[in-house]
>>> print(open('final15.tsv').read())   # TSV, C-alpha atoms and all ligand atoms
chain	number	residue	atom	x	y	z
A	9	MET	CA	-69.40	6.20	-59.47
A	10	GLU	CA	-68.14	3.95	-56.69
A	11	THR	CA	-69.18	5.12	-53.22
A	12	VAL	CA	-66.80	4.19	-50.39
A	13	ILE	CA	-67.82	4.13	-46.73
A	14	LYS	CA	-64.91	4.99	-44.39
A	15	LYS	CA	-64.88	5.33	-40.63
A	16	ILE	CA	-64.37	9.00	-39.77
A	17	ASN	CA	-60.76	9.44	-38.57
A	18	THR	CA	-57.71	11.59	-39.25
A	19	LYS	CA	-56.97	9.79	-42.51
A	20	SER	CA	-60.49	9.88	-43.98
A	21	ILE	CA	-60.94	13.51	-42.83
A	22	GLU	CA	-57.91	14.41	-44.98
A	23	ILE	CA	-59.50	12.71	-48.03
A	24	ALA	CA	-62.90	14.31	-47.39
A	25	LYS	CA	-61.30	17.73	-47.00
A	26	SER	CA	-59.62	17.45	-50.42
A	27	ILE	CA	-62.83	16.27	-52.11
A	28	ILE	CA	-64.90	19.13	-50.69
A	29	ARG	CA	-62.25	21.79	-51.32
A	30	GLU	CA	-62.08	20.61	-54.94
A	31	GLY	CA	-65.84	20.99	-55.32
A	32	GLY	CA	-67.00	17.41	-54.65
A	33	ILE	CA	-69.63	16.02	-52.27
A	34	VAL	CA	-69.03	13.97	-49.10
A	35	ALA	CA	-71.65	12.60	-46.71
A	36	PHE	CA	-70.73	13.10	-43.05
A	37	PRO	CA	-72.18	12.27	-39.61
A	38	THR	CA	-73.74	14.79	-37.24
A	39	GLU	CA	-75.57	14.27	-33.95
A	40	THR	CA	-78.93	14.83	-35.70
A	41	VAL	CA	-78.82	13.05	-39.09
A	42	TYR	CA	-76.17	12.54	-41.79
A	43	GLY	CA	-75.49	15.48	-44.10
A	44	LEU	CA	-74.55	15.68	-47.78
A	45	GLY	CA	-71.75	18.24	-47.68
A	46	VAL	CA	-70.30	20.58	-50.24
A	47	SER	CA	-68.42	23.92	-50.08
A	48	ALA	CA	-70.96	26.72	-49.50
A	49	TYR	CA	-68.73	29.00	-51.58
A	50	LYS	CA	-69.04	26.95	-54.79
A	51	GLY	CA	-72.40	27.53	-56.48
A	52	ASN	CA	-71.94	24.85	-59.13
A	53	SER	CA	-71.13	22.20	-56.55
A	54	VAL	CA	-74.17	23.20	-54.53
A	55	LYS	CA	-76.31	22.67	-57.64
A	56	THR	CA	-75.07	19.07	-57.84
A	57	VAL	CA	-76.26	18.43	-54.25
A	58	PHE	CA	-79.78	19.46	-55.26
A	59	GLU	CA	-79.56	17.07	-58.23
A	60	VAL	CA	-78.21	14.15	-56.19
A	61	LYS	CA	-81.01	14.54	-53.64
A	62	GLY	CA	-83.73	15.38	-56.14
A	63	ARG	CA	-84.48	18.43	-54.01
A	64	PRO	CA	-86.64	21.37	-55.14
A	65	ASN	CA	-84.23	24.26	-55.66
A	66	ASP	CA	-86.25	26.82	-53.71
A	67	ASN	CA	-85.43	25.00	-50.46
A	68	PRO	CA	-82.26	26.46	-48.88
A	69	LEU	CA	-79.42	24.47	-47.30
A	70	ILE	CA	-77.88	24.89	-43.85
A	71	CYS	CA	-74.20	25.92	-43.58
A	72	HIS	CA	-72.10	23.89	-41.13
A	73	ILE	CA	-69.08	25.32	-39.33
A	74	GLY	CA	-66.69	23.75	-36.82
A	75	ARG	CA	-66.52	26.48	-34.17
A	76	ILE	CA	-68.30	29.67	-33.23
A	77	GLU	CA	-65.34	31.89	-34.29
A	78	ASP	CA	-65.95	30.76	-37.88
A	79	ILE	CA	-69.43	32.28	-38.02
A	80	ASN	CA	-68.08	35.25	-39.97
A	81	LEU	CA	-67.39	32.83	-42.84
A	82	CYS	CA	-71.18	32.95	-43.34
A	83	SER	CA	-72.45	36.28	-42.01
A	84	ASN	CA	-71.29	39.83	-41.26
A	85	ASN	CA	-74.39	40.55	-39.24
A	86	VAL	CA	-74.69	38.04	-36.41
A	87	THR	CA	-77.36	39.33	-34.05
A	88	THR	CA	-77.26	39.20	-30.26
A	89	THR	CA	-80.18	36.76	-30.43
A	90	ALA	CA	-78.17	34.39	-32.64
A	91	MET	CA	-75.12	34.62	-30.39
A	92	LYS	CA	-77.16	33.93	-27.26
A	93	ILE	CA	-78.71	30.84	-28.81
A	94	LEU	CA	-75.47	29.51	-30.29
A	95	THR	CA	-73.56	30.10	-27.07
A	96	GLU	CA	-76.15	28.15	-25.10
A	97	PHE	CA	-76.83	25.23	-27.45
A	98	SER	CA	-73.79	24.80	-29.72
A	99	PRO	CA	-72.21	22.55	-30.64
A	100	GLY	CA	-75.61	20.90	-30.79
A	101	PRO	CA	-78.87	20.37	-32.69
A	102	ILE	CA	-79.72	24.03	-33.41
A	103	THR	CA	-79.60	26.15	-36.59
A	104	VAL	CA	-79.74	29.95	-36.45
A	105	VAL	CA	-80.91	32.01	-39.42
A	106	VAL	CA	-79.16	35.38	-39.89
A	107	ASP	CA	-78.24	37.65	-42.84
A	108	LYS	CA	-75.90	35.93	-45.29
A	109	ASN	CA	-72.63	37.46	-46.47
A	110	ASN	CA	-71.80	37.60	-50.17
A	111	LYS	CA	-69.30	34.71	-50.08
A	112	ILE	CA	-72.12	32.20	-49.53
A	113	ALA	CA	-73.31	31.08	-52.98
A	114	ASP	CA	-76.86	32.13	-53.86
A	115	GLU	CA	-77.63	28.47	-54.64
A	116	VAL	CA	-77.16	27.63	-50.93
A	117	THR	CA	-79.89	29.97	-49.76
A	118	ALA	CA	-82.17	29.53	-52.78
A	119	GLY	CA	-81.86	33.25	-53.45
A	120	LEU	CA	-82.81	34.34	-49.89
A	121	ASP	CA	-80.64	36.98	-48.24
A	122	SER	CA	-80.54	34.94	-45.03
A	123	VAL	CA	-78.53	31.84	-44.17
A	124	GLY	CA	-79.00	28.96	-41.69
A	125	ILE	CA	-75.85	28.19	-39.67
A	126	ARG	CA	-75.13	25.28	-37.38
A	127	ILE	CA	-72.23	23.75	-35.43
A	128	PRO	CA	-72.70	19.97	-35.25
A	129	LYS	CA	-71.64	18.14	-32.12
A	130	PRO	CA	-69.34	15.23	-33.10
A	131	GLN	CA	-65.70	16.17	-32.50
A	132	LYS	CA	-64.40	14.50	-35.67
A	133	THR	CA	-66.99	16.28	-37.82
A	134	ARG	CA	-65.94	19.62	-36.36
A	135	GLU	CA	-62.30	18.75	-37.07
A	136	LEU	CA	-63.27	18.16	-40.70
A	137	LEU	CA	-65.17	21.46	-40.94
A	138	ILE	CA	-62.28	23.42	-39.40
A	139	ALA	CA	-59.79	21.73	-41.76
A	140	ILE	CA	-61.90	22.69	-44.80
A	141	GLY	CA	-61.84	26.34	-43.73
A	142	GLN	CA	-65.07	27.09	-45.62
A	143	PRO	CA	-68.65	26.62	-44.49
A	144	VAL	CA	-70.10	23.31	-45.64
A	145	ALA	CA	-73.62	23.50	-47.06
A	146	ALA	CA	-75.42	20.25	-46.33
A	147	PRO	CA	-78.97	19.00	-46.52
A	148	SER	CA	-79.85	15.71	-44.86
A	149	ALA	CA	-78.21	12.93	-46.88
A	150	ASN	CA	-81.41	11.19	-48.02
A	151	THR	CA	-83.19	11.29	-51.35
A	152	SER	CA	-85.83	14.03	-51.17
A	153	THR	CA	-89.14	12.83	-49.57
A	154	ARG	CA	-87.43	9.82	-47.87
A	155	PRO	CA	-86.82	9.34	-44.13
A	156	SER	CA	-83.64	11.14	-43.04
A	157	PRO	CA	-80.56	8.90	-42.69
A	158	THR	CA	-79.24	8.21	-39.19
A	159	THR	CA	-76.60	5.63	-40.22
A	160	ALA	CA	-73.97	5.46	-42.96
A	161	ASN	CA	-75.84	2.50	-44.47
A	162	ALA	CA	-79.04	4.53	-44.78
A	163	VAL	CA	-77.07	7.16	-46.71
A	164	PHE	CA	-75.68	4.43	-48.96
A	165	GLU	CA	-79.18	3.06	-49.57
A	166	ASP	CA	-80.35	6.42	-51.01
A	167	ILE	CA	-77.23	8.10	-52.39
A	168	GLY	CA	-74.85	5.16	-53.05
A	169	GLY	CA	-73.32	5.38	-56.55
A	170	LYS	CA	-73.80	9.17	-56.71
A	171	ILE	CA	-71.03	10.46	-54.40
A	172	PRO	CA	-67.45	9.29	-53.80
A	173	LEU	CA	-67.34	9.08	-50.00
A	174	ILE	CA	-69.52	8.52	-46.92
A	175	LEU	CA	-67.82	9.16	-43.57
A	176	ASP	CA	-69.17	6.71	-40.99
A	177	GLY	CA	-69.58	8.04	-37.45
A	178	GLY	CA	-72.02	5.38	-36.24
A	179	SER	CA	-75.67	6.03	-35.50
A	180	CYS	CA	-76.73	9.65	-34.87
A	181	GLU	CA	-77.32	10.45	-31.22
A	182	VAL	CA	-80.42	12.67	-31.58
A	183	GLY	CA	-81.99	11.11	-34.67
A	184	ILE	CA	-84.11	14.02	-35.98
A	185	GLU	CA	-82.92	17.23	-37.67
A	186	SER	CA	-81.91	20.40	-35.86
A	187	THR	CA	-84.31	23.02	-34.54
A	188	VAL	CA	-84.27	25.97	-36.98
A	189	VAL	CA	-84.70	29.46	-35.48
A	190	ASP	CA	-84.87	32.79	-37.30
A	191	CYS	CA	-82.62	35.07	-35.24
A	192	ARG	CA	-82.66	38.22	-37.35
A	193	ASN	CA	-84.77	40.10	-34.79
A	194	ASP	CA	-84.80	40.46	-31.02
A	195	ILE	CA	-87.51	37.84	-30.63
A	196	PRO	CA	-86.46	34.53	-32.19
A	197	ILE	CA	-88.96	32.70	-34.42
A	198	LEU	CA	-89.06	28.90	-34.43
A	199	LEU	CA	-89.16	27.68	-38.04
A	200	ARG	CA	-88.63	23.93	-37.60
A	201	ALA	CA	-89.16	21.99	-34.36
A	202	GLY	CA	-86.42	19.68	-33.08
A	203	LYS	CA	-84.94	18.30	-29.89
A	204	ILE	CA	-84.33	21.83	-28.61
A	205	THR	CA	-87.81	23.18	-27.90
A	206	LYS	CA	-89.53	26.57	-27.85
A	207	LYS	CA	-89.38	26.39	-24.04
A	208	ASP	CA	-85.62	25.79	-24.11
A	209	ILE	CA	-85.19	28.88	-26.30
A	210	GLU	CA	-87.47	30.96	-24.08
A	211	LYS	CA	-85.24	30.16	-21.12
A	212	VAL	CA	-82.36	31.84	-22.96
A	213	CYS	CA	-84.13	34.64	-24.87
A	214	GLY	CA	-87.20	35.35	-22.72
A	215	LYS	CA	-89.56	34.97	-25.67
A	216	CYS	CA	-89.82	32.76	-28.74
A	217	GLU	CA	-92.47	32.95	-31.44
A	218	VAL	CA	-93.53	30.15	-33.75
A	219	ALA	CA	-93.89	30.67	-37.51
A	220	LEU	CA	-97.49	29.93	-38.43
A	221	PRO	CA	-97.89	27.31	-41.14
A	222	THR	CA	-100.27	29.68	-42.94
A	223	SER	CA	-97.94	32.67	-42.89
A	224	LYS	CA	-95.67	33.43	-45.83
A	225	VAL	CA	-93.45	30.38	-45.96
A	226	ARG	CA	-90.38	31.36	-43.98
A	227	SER	CA	-88.67	27.99	-43.98
A	228	PRO	CA	-89.34	26.72	-47.49
A	229	GLY	CA	-88.50	23.11	-46.57
A	230	VAL	CA	-91.51	22.70	-44.34
A	231	LYS	CA	-94.01	22.75	-47.21
A	232	TYR	CA	-92.83	19.65	-49.08
A	233	LYS	CA	-93.62	15.94	-48.77
A	234	HIS	CA	-91.10	14.62	-46.28
A	235	TYR	CA	-89.80	11.66	-44.29
A	236	ALA	CA	-92.09	9.17	-46.04
A	237	PRO	CA	-91.49	5.41	-46.11
A	238	LYS	CA	-92.05	3.51	-49.38
A	239	CYS	CA	-95.20	1.80	-48.07
A	240	ASP	CA	-98.42	3.16	-46.51
A	241	MET	CA	-98.32	4.34	-42.94
A	242	GLN	CA	-100.85	5.20	-40.27
A	243	THR	CA	-100.37	6.44	-36.72
A	244	ILE	CA	-102.53	5.74	-33.70
A	245	LEU	CA	-102.04	7.73	-30.54
A	246	THR	CA	-102.10	4.89	-28.08
A	247	ASN	CA	-100.17	2.30	-26.20
A	248	ASP	CA	-103.24	0.14	-25.71
A	249	VAL	CA	-102.65	-3.33	-27.12
A	250	GLU	CA	-106.37	-3.93	-27.84
A	251	ARG	CA	-106.57	-0.82	-30.00
A	252	ILE	CA	-103.46	-1.81	-31.89
A	253	LYS	CA	-104.90	-5.31	-32.44
A	254	LYS	CA	-108.07	-3.73	-33.82
A	255	ALA	CA	-106.04	-1.61	-36.27
A	256	ILE	CA	-104.20	-4.77	-37.38
A	257	PHE	CA	-107.50	-6.63	-37.79
A	258	ASP	CA	-108.94	-3.78	-39.89
A	259	ASN	CA	-106.04	-4.24	-42.32
A	260	LYS	CA	-105.73	-8.01	-42.19
A	261	ASP	CA	-105.24	-8.32	-45.95
A	262	LYS	CA	-101.98	-6.36	-45.70
A	263	LYS	CA	-98.46	-7.17	-44.56
A	264	ILE	CA	-98.16	-5.11	-41.40
A	265	VAL	CA	-95.21	-4.02	-39.29
A	266	VAL	CA	-96.03	-2.24	-36.03
A	267	ILE	CA	-93.62	0.34	-34.62
A	268	GLY	CA	-94.05	1.40	-31.01
A	269	ASN	CA	-93.17	1.26	-27.36
A	270	GLU	CA	-91.12	-1.69	-26.07
A	271	HIS	CA	-94.06	-2.94	-23.98
A	272	ILE	CA	-96.05	-4.05	-27.03
A	273	VAL	CA	-93.26	-6.17	-28.53
A	274	ASN	CA	-94.46	-9.54	-27.24
A	275	GLU	CA	-98.17	-8.74	-27.35
A	276	LEU	CA	-98.88	-8.88	-31.08
A	277	GLU	CA	-98.85	-11.53	-33.79
A	278	VAL	CA	-97.26	-9.32	-36.44
A	279	GLN	CA	-93.67	-8.06	-36.51
A	280	VAL	CA	-93.06	-5.25	-34.03
A	281	ILE	CA	-90.12	-2.84	-33.99
A	282	SER	CA	-89.51	-1.26	-30.61
A	283	LEU	CA	-88.44	2.37	-30.48
A	284	GLY	CA	-87.77	2.14	-26.72
A	285	ASN	CA	-89.64	4.04	-24.03
A	286	SER	CA	-88.65	7.69	-23.73
A	287	THR	CA	-89.26	10.43	-26.28
A	288	GLU	CA	-85.44	10.62	-26.69
A	289	GLU	CA	-85.28	6.92	-27.61
A	290	PHE	CA	-88.20	7.31	-30.01
A	291	MET	CA	-86.44	10.21	-31.75
A	292	HIS	CA	-83.15	8.33	-31.90
A	293	ASN	CA	-84.70	5.20	-33.45
A	294	TYR	CA	-87.57	6.59	-35.51
A	295	PHE	CA	-86.14	7.13	-39.01
A	296	ASN	CA	-84.14	3.92	-38.97
A	297	ALA	CA	-87.22	1.94	-37.92
A	298	LEU	CA	-89.12	3.28	-40.95
A	299	ARG	CA	-86.30	2.11	-43.21
A	300	ILE	CA	-86.36	-1.38	-41.66
A	301	ALA	CA	-90.15	-1.65	-41.67
A	302	GLU	CA	-90.73	-0.50	-45.26
A	303	LYS	CA	-88.68	-3.45	-46.55
A	304	LYS	CA	-91.23	-5.91	-45.13
A	305	ALA	CA	-94.54	-4.08	-44.92
A	306	ASP	CA	-97.39	-2.86	-47.13
A	307	LEU	CA	-98.55	-0.89	-44.12
A	308	ILE	CA	-96.67	0.50	-41.14
A	309	ILE	CA	-98.80	1.09	-38.05
A	310	LEU	CA	-97.07	3.42	-35.61
A	311	ALA	CA	-98.44	3.26	-32.07
A	312	LEU	CA	-97.39	6.52	-30.44
A	313	PRO	CA	-97.79	6.82	-26.69
A	314	PHE	CA	-96.86	10.54	-26.42
A	315	LYS	CA	-98.83	13.74	-26.65
A	316	LYS	CA	-97.80	16.31	-29.27
A	317	GLU	CA	-96.95	18.89	-26.57
A	318	ASN	CA	-94.33	16.56	-25.10
A	319	ALA	CA	-92.55	15.64	-28.31
A	320	GLU	CA	-93.16	18.35	-30.91
A	321	GLY	CA	-90.14	17.73	-33.11
A	322	LEU	CA	-90.84	14.01	-33.30
A	323	PHE	CA	-94.58	14.57	-33.82
A	324	ASN	CA	-93.89	16.93	-36.70
A	325	ARG	CA	-91.77	14.29	-38.49
A	326	ILE	CA	-94.41	11.61	-37.86
A	327	GLU	CA	-97.27	13.78	-39.19
A	328	LYS	CA	-95.34	14.19	-42.44
A	329	SER	CA	-94.23	10.56	-42.72
A	330	CYS	CA	-97.83	9.37	-42.65
A	331	ALA	CA	-99.24	12.38	-44.54
A	332	GLY	CA	-101.43	13.34	-41.58
A	333	ASN	CA	-103.01	9.86	-41.20
A	334	ILE	CA	-103.16	10.06	-37.40
A	335	ARG	CA	-105.97	8.69	-35.21
A	336	LYS	CA	-106.57	9.60	-31.62
A	401	LIG	O1	-79.89	18.64	-38.41
A	401	LIG	C1	-79.92	19.20	-39.50
A	401	LIG	O2	-80.34	20.38	-39.62
A	401	LIG	C2	-79.44	18.43	-40.72
A	401	LIG	C3	-77.96	18.10	-40.54
A	401	LIG	C4	-77.34	17.48	-41.77
A	401	LIG	O3	-77.27	19.26	-40.16
A	401	LIG	N1	-79.69	19.14	-41.92
A	401	LIG	C5	-80.92	19.29	-42.45
A	401	LIG	O4	-80.94	19.95	-43.66
A	401	LIG	O5	-81.93	18.87	-41.92
A	401	LIG	P1	-82.20	20.00	-44.61
A	401	LIG	O6	-81.70	20.64	-45.85
A	401	LIG	O7	-82.80	18.66	-44.74
A	401	LIG	O8	-83.20	21.02	-43.92
A	401	LIG	C6	-82.87	22.39	-43.83
A	401	LIG	C7	-84.06	23.17	-43.31
A	401	LIG	C8	-85.15	23.30	-44.34
A	401	LIG	O9	-86.42	23.22	-43.69
A	401	LIG	C9	-84.89	24.71	-44.88
A	401	LIG	O10	-86.04	25.29	-45.43
A	401	LIG	C10	-84.41	25.44	-43.63
A	401	LIG	O11	-83.62	24.48	-42.95
A	401	LIG	N2	-83.57	26.60	-43.96
A	401	LIG	C11	-82.29	26.60	-44.40
A	401	LIG	N3	-81.86	27.86	-44.63
A	401	LIG	C12	-82.88	28.68	-44.32
A	401	LIG	C13	-83.07	30.10	-44.35
A	401	LIG	N4	-82.14	30.93	-44.78
A	401	LIG	N5	-84.28	30.60	-43.97
A	401	LIG	C14	-85.24	29.76	-43.54
A	401	LIG	N6	-85.14	28.41	-43.49
A	401	LIG	C15	-83.98	27.89	-43.88
A	402	MG	MG	-84.03	17.00	-44.97
>>> encode(input="final15.tsv", output="structure tokens", more="lines below")
Ligand code: TXA
Ligand code: MG
Amino acid sequence: METVIKKINTKSIEIAKSIIREGGIVAFPTETVYGLGVSAYKGNSVKTVFEVKGRPNDNPLICHIGRIEDINLCSNNVTTTAMKILTEFSPGPITVVVDKNNKIADEVTAGLDSVGIRIPKPQKTRELLIAIGQPVAAPSANTSTRPSPTTANAVFEDIGGKIPLILDGGSCEVGIESTVVDCRNDIPILLRAGKITKKDIEKVCGKCEVALPTSKVRSPGVKYKHYAPKCDMQTILTNDVERIKKAIFDNKDKKIVVIGNEHIVNELEVQVISLGNSTEEFMHNYFNALRIAEKKADLIILALPFKKENAEGLFNRIEKSCAGNIRK
């Protein structure tokens, strides 16, 4: 199948709307990462998304809507907790989990009776979702296990040839996936970390719990291999040039690309990709940097100058990308 990339505008929205309403798949931009969208009401179409991504079918998809009034397309039991969180953070990088209604195909939720719902930020994407008039189930538009796509080209790299259309909205503002929160009870439970933090949610709801990794898996997606580049990767928690040089020396038989803070760019003899300075810049640039680096390296060394407490969402992605190979 030929895959076309089109800038997202009134004309391409019309085409995308027809494809999705007829049961096809379209990749679209959000402020977090690109999504691989299909009507959440069409079980057979949802199955094809799992196939295209190579995704385990016990891992549920998030439903995307264009405005808060459309939440009843997904659920007849939206809790006060969910409304508080959506009102504060939407449109934006947050997903609330509530009871699903029976119009949402079982394939979307992998048989669970709950559904994740989110309102993405880009105006044009919301126009598309409103025009479709049905919730759009969409996982991140990467092949399963790969870094999430934050540009239309990254989507093409993984999914090109398998879907008819990629809507191009430029590079995603946030750069990592939404925070997922179970809102079925009074106290929300954080299932997946993201730009919106536990503290942010506590400001709105008073309390927020965190699902323990050892508890019964509440967010099935968190147990799989994720976000991994094609080559090896190790992370060192430092910004100290001497330590980075030592790590390079220890692997001198390998082709190395270092990813890190902009201050180390001119200090090393191997290729360095700068992620910027702030945690926001690191998040924004992270997945794309992995995709650039893996094309040249046998080993990616990520020099991370932040503590976990100050960048939990980012840290969580990094831990998975390098399969826990992190040195203090
Ligand atoms: O930012 C995002 O959330 C992006 C963009 C495209 O919106 N989407 C995304 O989808 O990251 P995906 O499929 O890669 O991750 C969905 C996550 C998984 O960890 C999944 O287990 C969890 O959300 N999830 C979805 N529905 C759930 C439910 N009913 N209960 C618990 N976890 C759920
Ligand atoms: Mg994903």
>>> closest_residue(input="final15.tsv", among="A:Ile138, A:Val249, A:Cys216, A:Leu199", to="Glu275 of chain A", atoms="all atoms listed in the file")
A:Val249
>>> residues_around(input="final15.tsv", residues="segment 183-191 of chain A", least_positions_apart="4", cutoff="9 Å", atoms="only C-alpha atoms", output="JSON, numbers by chain")
{"A": [39, 40, 41, 86, 87, 88, 89, 90, 91, 93, 100, 101, 102, 103, 104, 105, 106, 124, 126, 148, 156, 157, 158, 179, 195, 196, 197, 198, 199, 200, 201, 202, 203, 204, 205, 226, 227, 288, 289, 290, 291, 292, 293, 294, 295, 296, 321, 322, 325]}
>>> residues_near_point(input="final15.tsv", point="(-84.3, 30.9, -47.0)", cutoff="12 Å", atoms="all atoms listed in the file", output="ChimeraX atom specification")
/A:65-71,104-108,114-125,188-190,199,224-230
>>> atom_distance(input="final15.tsv", atom1="atom CA of Lys215 of chain A", atom2="atom CA of Asp194 of chain A")
9.0 Å
>>> closest_residue(input="final15.tsv", among="A:Pro237, A:Pro37, A:Gly268, A:Gly32", to="Val182 of chain A", atoms="all atoms listed in the file")
A:Pro37
>>> closest_residue(input="final15.tsv", among="A:Thr38, A:Phe97, A:Gly51, A:Ala139", to="Ala24 of chain A", atoms="only C-alpha atoms")
A:Ala139
>>> residues_near_point(input="final15.tsv", point="(-71.7, 15.1, -47.2)", cutoff="6 Å", atoms="only C-alpha atoms", output="short mmCIF file (atom, residue, chain, number, x, y, z; two decimals) with C-alpha atoms, in the frame of the given file")
data_model
loop_
_atom_site.label_atom_id
_atom_site.label_comp_id
_atom_site.auth_asym_id
_atom_site.auth_seq_id
_atom_site.Cartn_x
_atom_site.Cartn_y
_atom_site.Cartn_z
CA ILE A 33 -69.63 16.02 -52.27
CA VAL A 34 -69.03 13.97 -49.10
CA ALA A 35 -71.65 12.60 -46.71
CA PHE A 36 -70.73 13.10 -43.05
CA GLY A 43 -75.49 15.48 -44.10
CA LEU A 44 -74.55 15.68 -47.78
CA GLY A 45 -71.75 18.24 -47.68
#
>>> atom_distance(input="final15.tsv", atom1="atom CA of Arg75 of chain A", atom2="atom CA of Leu136 of chain A")
11.1 Å
>>> atom_distance(input="final15.tsv", atom1="atom CA of Pro147 of chain A", atom2="atom CA of Ile79 of chain A")
18.4 Å
>>> closest_residue(input="final15.tsv", among="A:Asn324, A:Ser152, A:Asn318, A:Asn274", to="ligand MG 402 (chain A)", atoms="only C-alpha atoms and all ligand atoms")
A:Ser152
>>> closest_residue(input="final15.tsv", among="A:Gly62, A:Glu96, A:Cys239, A:Phe323", to="ligand MG 402 (chain A)", atoms="all atoms listed in the file")
A:Gly62
>>> build_atoms(input="final15.tsv", residues="segment 280-296 of chain A", atoms="N, CA and C atoms", output="PDB file, in the coordinates of the input")
ATOM      1  N   VAL A 280     -93.053  -6.534 -34.746  1.00  0.00           N
ATOM      2  CA  VAL A 280     -93.060  -5.250 -34.030  1.00  0.00           C
ATOM      3  C   VAL A 280     -91.620  -4.742 -33.937  1.00  0.00           C
ATOM      4  N   ILE A 281     -91.434  -3.467 -34.215  1.00  0.00           N
ATOM      5  CA  ILE A 281     -90.120  -2.840 -33.990  1.00  0.00           C
ATOM      6  C   ILE A 281     -90.261  -1.890 -32.813  1.00  0.00           C
ATOM      7  N   SER A 282     -89.432  -2.110 -31.794  1.00  0.00           N
ATOM      8  CA  SER A 282     -89.510  -1.260 -30.610  1.00  0.00           C
ATOM      9  C   SER A 282     -88.641  -0.013 -30.803  1.00  0.00           C
ATOM     10  N   LEU A 283     -89.218   1.125 -30.440  1.00  0.00           N
ATOM     11  CA  LEU A 283     -88.440   2.370 -30.480  1.00  0.00           C
ATOM     12  C   LEU A 283     -87.885   2.703 -29.100  1.00  0.00           C
ATOM     13  N   GLY A 284     -88.214   1.876 -28.089  1.00  0.00           N
ATOM     14  CA  GLY A 284     -87.770   2.140 -26.720  1.00  0.00           C
ATOM     15  C   GLY A 284     -88.917   2.673 -25.888  1.00  0.00           C
ATOM     16  N   ASN A 285     -88.611   3.524 -24.933  1.00  0.00           N
ATOM     17  CA  ASN A 285     -89.640   4.040 -24.030  1.00  0.00           C
ATOM     18  C   ASN A 285     -89.760   5.556 -24.025  1.00  0.00           C
ATOM     19  N   SER A 286     -88.621   6.226 -23.895  1.00  0.00           N
ATOM     20  CA  SER A 286     -88.650   7.690 -23.730  1.00  0.00           C
ATOM     21  C   SER A 286     -88.808   8.383 -25.073  1.00  0.00           C
ATOM     22  N   THR A 287     -89.174   9.660 -25.032  1.00  0.00           N
ATOM     23  CA  THR A 287     -89.260  10.430 -26.280  1.00  0.00           C
ATOM     24  C   THR A 287     -87.877  10.504 -26.935  1.00  0.00           C
ATOM     25  N   GLU A 288     -86.812  10.596 -26.132  1.00  0.00           N
ATOM     26  CA  GLU A 288     -85.440  10.620 -26.690  1.00  0.00           C
ATOM     27  C   GLU A 288     -85.157   9.344 -27.478  1.00  0.00           C
ATOM     28  N   GLU A 289     -85.525   8.199 -26.907  1.00  0.00           N
ATOM     29  CA  GLU A 289     -85.280   6.920 -27.610  1.00  0.00           C
ATOM     30  C   GLU A 289     -86.112   6.845 -28.896  1.00  0.00           C
ATOM     31  N   PHE A 290     -87.355   7.322 -28.819  1.00  0.00           N
ATOM     32  CA  PHE A 290     -88.200   7.310 -30.010  1.00  0.00           C
ATOM     33  C   PHE A 290     -87.566   8.147 -31.124  1.00  0.00           C
ATOM     34  N   MET A 291     -87.081   9.335 -30.764  1.00  0.00           N
ATOM     35  CA  MET A 291     -86.440  10.210 -31.750  1.00  0.00           C
ATOM     36  C   MET A 291     -85.210   9.520 -32.355  1.00  0.00           C
ATOM     37  N   HIS A 292     -84.402   8.963 -31.467  1.00  0.00           N
ATOM     38  CA  HIS A 292     -83.150   8.330 -31.900  1.00  0.00           C
ATOM     39  C   HIS A 292     -83.415   7.193 -32.888  1.00  0.00           C
ATOM     40  N   ASN A 293     -84.469   6.414 -32.653  1.00  0.00           N
ATOM     41  CA  ASN A 293     -84.700   5.200 -33.450  1.00  0.00           C
ATOM     42  C   ASN A 293     -85.685   5.352 -34.605  1.00  0.00           C
ATOM     43  N   TYR A 294     -86.412   6.470 -34.625  1.00  0.00           N
ATOM     44  CA  TYR A 294     -87.570   6.590 -35.510  1.00  0.00           C
ATOM     45  C   TYR A 294     -87.258   6.387 -37.006  1.00  0.00           C
ATOM     46  N   PHE A 295     -86.367   7.206 -37.558  1.00  0.00           N
ATOM     47  CA  PHE A 295     -86.140   7.130 -39.010  1.00  0.00           C
ATOM     48  C   PHE A 295     -85.589   5.765 -39.426  1.00  0.00           C
ATOM     49  N   ASN A 296     -84.709   5.212 -38.604  1.00  0.00           N
ATOM     50  CA  ASN A 296     -84.140   3.920 -38.970  1.00  0.00           C
ATOM     51  C   ASN A 296     -85.215   2.823 -38.944  1.00  0.00           C
TER      52      ASN A 296
END
